[in-house]
Amino acid sequence: MSERPHDRRFPHDPFAFGWYQIDYGDQLKRGQVKPWRAFGRDFVLWRDADGAPHLFDAFCPHLGAHLGHGGRVEGNVLRCPFHGWRFDEAGRCAGIPYSPEARLGASRNLTSWPVVERNGLLLGWWHPDGAAPAFDTPVLPEWGDRGWSRYRRHHWRANTVWQEIQENIVDSTHFHYLHGVESLAVVDRCDPIGPVLDVNILHRFKTPVGVEDGFIQTTLYGPFFATVRFRIGDVAEILFVDAVTPIETDVVDVRFSLLAKLDGVRIPDMSLALVDEAIRQVSEDVPIWNHKMHWQTPSLAPGDGPVMKFRNWAKQFRNYDEIKDTTRNEPVVAI
């Protein structure tokens with residue numbers, strides 16, 4: 001039996017559990033129904049008449065119609081386009097129009113997945129066993145604040161898995177060699193606290209007013225959702241959401257939602273330029289992600305950043321497959 005493609009590059013489960021971005025709130029209108037695919041499966045996304053968003057498994061339990069293709073919102077229920085079966089906000093079958101006396105029950109229901117709308121984002125919760133949310137994501141006071149810009153939105157699709165994307169957060173050396181950041185970065189902090197990982201990386205940057213100290217402070221809330229604050233002294237500052245959504249076993253969407261600080265910094269235009277810089281850097285990362293291999297036992301060197309500390313934190317969100325990495329035998333260098 002041949003290996004699956006992602007087994008050769010990624011010797012672990014490509015999915016994990018946590019909050020992930022489905023879309024932006026303003027991209028789902030009241031009464032709208034959309035097909036949605038993530039984690040290698042199909043969903044239906046819809047917003048009811050009261051404005052609440054919902055995410056269900058896609059296929060009607062009756063004869064398998066995809067509710068995202070032709071499904072209709074009627075008040076606060078979703079109607080199947082094939083035979084008119086109706087489902088309430090919890091996914092329960094609320095009626096069969098041609099058989100009102102039919103017994104309703106669990107076999108006629110759809111799985112409803114947790115969804116929250118926060119900071120202008122639609123976030124869904126995924127767990128392969130259907131477990132309830134075990135942690136939360138933050139409210140950002142900067143979103144909607146007049147001293148900050150509106151979101152600049154950018155999207156990439158990469159042929160990789162979530163862990164390869166988020167591992168960049170602690171890979172301090174690549175900022176200099178790949179992205180051309182002036183100084184070699186220093187990891188000031190890498191603190192795992194349950195499902196949260198707090199990382200602070202120090203840099204020195206050339207600016208129009210001279211060389212300034214700066215930092216990139218990232219907090220991961222589970223595997224798929226991070227907030228990133230990028231500040232250069234009192235000269236410029238941005239804050240953005242880094243959201244990774246697994247689509248297939250080796251395909252992910254990466255969305256950045258970026259805010260620039262315009263009040264209280266010396267050069268507001270430089271805050272806007274930092275937004276462009278963050279987008280430029282990730283665009284340089286994508287070709288690397290598309291082709292790199294994951295070594296379970298990498299040959300690390302001092303200065304590489306706390307890669308293995310990140311990986312140990314990441315293990316809580318997924319299980320390794322029974323696939324051994326036989327392509328490398330170098331010892332891991334402690335750093």
# chains A, B, ... in the order shown; residues from 1 in each chain; ligands from 1
$ residues_around --residues "A:Glu237" --least-positions-apart "4" --cutoff "6 Å" --atoms "only C-alpha atoms" --output "PyMOL selection string"
chain A and resi 230-231+261+271
$ write_last_selection --atoms "N, CA and C atoms" --output "mmCIF file, in the first residue's frame"
data_model
loop_
_atom_site.group_PDB
_atom_site.id
_atom_site.type_symbol
_atom_site.label_atom_id
_atom_site.label_comp_id
_atom_site.auth_asym_id
_atom_site.auth_seq_id
_atom_site.Cartn_x
_atom_site.Cartn_y
_atom_site.Cartn_z
ATOM 1 N N PHE A 230 3.358 43.916 16.977
ATOM 2 C CA PHE A 230 4.651 44.248 16.386
ATOM 3 C C PHE A 230 4.871 45.741 16.636
ATOM 4 N N ARG A 231 5.850 46.040 17.509
ATOM 5 C CA ARG A 231 6.087 47.440 17.896
ATOM 6 C C ARG A 231 7.552 47.790 17.685
ATOM 7 N N LYS A 261 -1.686 51.092 14.343
ATOM 8 C CA LYS A 261 -1.906 52.143 15.330
ATOM 9 C C LYS A 261 -1.590 53.492 14.693
ATOM 10 N N SER A 271 3.394 52.803 10.742
ATOM 11 C CA SER A 271 2.515 51.723 11.188
ATOM 12 C C SER A 271 1.851 51.062 9.982
#
$ select_by_dssp --residues "stretch 122-248 of chain A" --states "helix (DSSP H, G or I)" --output "short mmCIF file (atom, residue, chain, number, x, y, z; two decimals) with C-alpha atoms, in the first residue's frame"
data_model
loop_
_atom_site.label_atom_id
_atom_site.label_comp_id
_atom_site.auth_asym_id
_atom_site.auth_seq_id
_atom_site.Cartn_x
_atom_site.Cartn_y
_atom_site.Cartn_z
CA TRP A 162 -0.90 24.05 10.78
CA GLN A 163 2.18 23.20 12.85
CA GLU A 164 4.58 24.26 10.11
CA ILE A 165 2.90 27.68 9.94
CA GLN A 166 2.87 28.37 13.68
CA GLU A 167 6.38 27.04 14.27
CA ASN A 168 7.62 30.17 12.50
CA ILE A 169 6.63 32.13 15.60
CA HIS A 174 14.68 32.97 9.81
CA PHE A 175 13.62 36.61 10.28
CA HIS A 176 17.17 37.69 9.40
CA TYR A 177 18.06 35.18 6.69
#
$ closest_atom_pairs --of "stretch 194-260 of chain A" --to "stretch 281-299 of chain A" --cutoff "12 Å" --atoms "only C-alpha atoms" --output "CSV"
residue,atom,partner,partner_atom,distance
A:Asp242,CA,A:Val282,CA,10.6
A:Asp250,CA,A:Asn290,CA,9.4
A:Val251,CA,A:Asn290,CA,9.2
A:Val252,CA,A:Asn290,CA,10.3
A:Asp253,CA,A:Val286,CA,10.9
A:Val254,CA,A:Val282,CA,9.4
A:Arg255,CA,A:Val282,CA,10.3
A:Phe256,CA,A:Val282,CA,9.5
$ select_by_dssp --residues "stretch 233-286 of chain A" --states "strand (DSSP E)" --output "ChimeraX atom specification"
/A:236-248,251-260
$ closest_residue --among "A:Ala58, A:Thr111, A:Ala185, A:Asp23" --to "A:Asp129" --atoms "only C-alpha atoms"
A:Thr111
$ closest_residue --among "A:Val139, A:Ile279, A:Ala49, A:Val265" --to "A:Glu74" --atoms "only C-alpha atoms"
A:Ala49
$ residues_around --residues "A:Pro208" --least-positions-apart "5" --cutoff "10 Å" --atoms "only C-alpha atoms" --output "compact mmCIF listing (two decimals) with N, CA, C and O atoms, in the first residue's frame"
# COMPACT_ATOMS: atom_id res chain seq x y z
N VAL A 235 7.70 54.54 17.65
CA VAL A 235 7.65 55.03 16.27
C VAL A 235 6.43 54.47 15.53
O VAL A 235 5.72 55.20 14.83
N ILE A 267 5.26 58.05 13.97
CA ILE A 267 5.16 58.03 12.51
C ILE A 267 4.00 57.11 12.12
O ILE A 267 4.19 55.91 11.85
N MET A 270 4.34 54.87 9.20
CA MET A 270 5.20 53.71 9.35
C MET A 270 4.41 52.53 9.93
O MET A 270 4.71 51.37 9.62
$ residues_around --residues "A:Ser149" --least-positions-apart "5" --cutoff "10 Å" --atoms "only C-alpha atoms" --output "ChimeraX atom specification"
/A:142-144,238,258-263,271-272
$ write_last_selection --atoms "N, CA and C atoms" --output "mmCIF file, in the first residue's frame"
data_model
loop_
_atom_site.group_PDB
_atom_site.id
_atom_site.type_symbol
_atom_site.label_atom_id
_atom_site.label_comp_id
_atom_site.auth_asym_id
_atom_site.auth_seq_id
_atom_site.Cartn_x
_atom_site.Cartn_y
_atom_site.Cartn_z
ATOM 1 N N GLU A 142 -8.612 46.998 20.559
ATOM 2 C CA GLU A 142 -8.123 47.826 19.454
ATOM 3 C C GLU A 142 -9.051 47.756 18.239
ATOM 4 N N TRP A 143 -9.762 46.633 18.085
ATOM 5 C CA TRP A 143 -10.672 46.509 16.942
ATOM 6 C C TRP A 143 -11.858 47.456 17.141
ATOM 7 N N GLY A 144 -12.046 48.353 16.187
ATOM 8 C CA GLY A 144 -13.113 49.343 16.302
ATOM 9 C C GLY A 144 -12.698 50.614 17.008
ATOM 10 N N ILE A 238 1.713 47.733 15.097
ATOM 11 C CA ILE A 238 0.563 47.058 14.506
ATOM 12 C C ILE A 238 0.152 45.902 15.415
ATOM 13 N N LEU A 258 -5.116 42.687 10.003
ATOM 14 C CA LEU A 258 -4.091 43.577 10.536
ATOM 15 C C LEU A 258 -4.641 44.966 10.843
ATOM 16 N N LEU A 259 -4.292 45.467 12.033
ATOM 17 C CA LEU A 259 -4.650 46.811 12.489
ATOM 18 C C LEU A 259 -3.371 47.626 12.673
ATOM 19 N N ALA A 260 -3.382 48.868 12.196
ATOM 20 C CA ALA A 260 -2.245 49.773 12.377
ATOM 21 C C ALA A 260 -2.600 50.846 13.404
ATOM 22 N N LYS A 261 -1.686 51.092 14.343
ATOM 23 C CA LYS A 261 -1.906 52.143 15.330
ATOM 24 C C LYS A 261 -1.590 53.492 14.693
ATOM 25 N N LEU A 262 -2.571 54.412 14.720
ATOM 26 C CA LEU A 262 -2.429 55.709 14.067
ATOM 27 C C LEU A 262 -2.311 56.864 15.047
ATOM 28 N N ASP A 263 -2.863 56.705 16.247
ATOM 29 C CA ASP A 263 -2.751 57.716 17.302
ATOM 30 C C ASP A 263 -1.750 57.232 18.348
ATOM 31 N N SER A 271 3.394 52.803 10.742
ATOM 32 C CA SER A 271 2.515 51.723 11.188
ATOM 33 C C SER A 271 1.851 51.062 9.982
ATOM 34 N N LEU A 272 1.375 51.880 9.056
ATOM 35 C CA LEU A 272 0.772 51.327 7.841
ATOM 36 C C LEU A 272 1.806 50.553 7.028
#
$ residues_around --residues "A:Gly305" --least-positions-apart "4" --cutoff "10 Å" --atoms "only C-alpha atoms" --output "number ranges by chain"
A: 168-174, 185-187, 190, 201, 300-301, 309-310, 335
$ residues_around --residues "A:Leu123" --least-positions-apart "5" --cutoff "6 Å" --atoms "only C-alpha atoms" --output "list in words"
Tyr20, Gln21, Ile22, Val115 and Val116 of chain A
$ closest_residue --among "A:Trp19, A:Phe205, A:Phe10, A:Phe43" --to "A:Leu220" --atoms "only C-alpha atoms"
A:Trp19
$ residues_around --residues "A:Leu78" --least-positions-apart "3" --cutoff "9 Å" --atoms "only C-alpha atoms" --output "NGL selection string"
:A and (33 or 46 or 48 or 67 or 71-75 or 85-89 or 91)
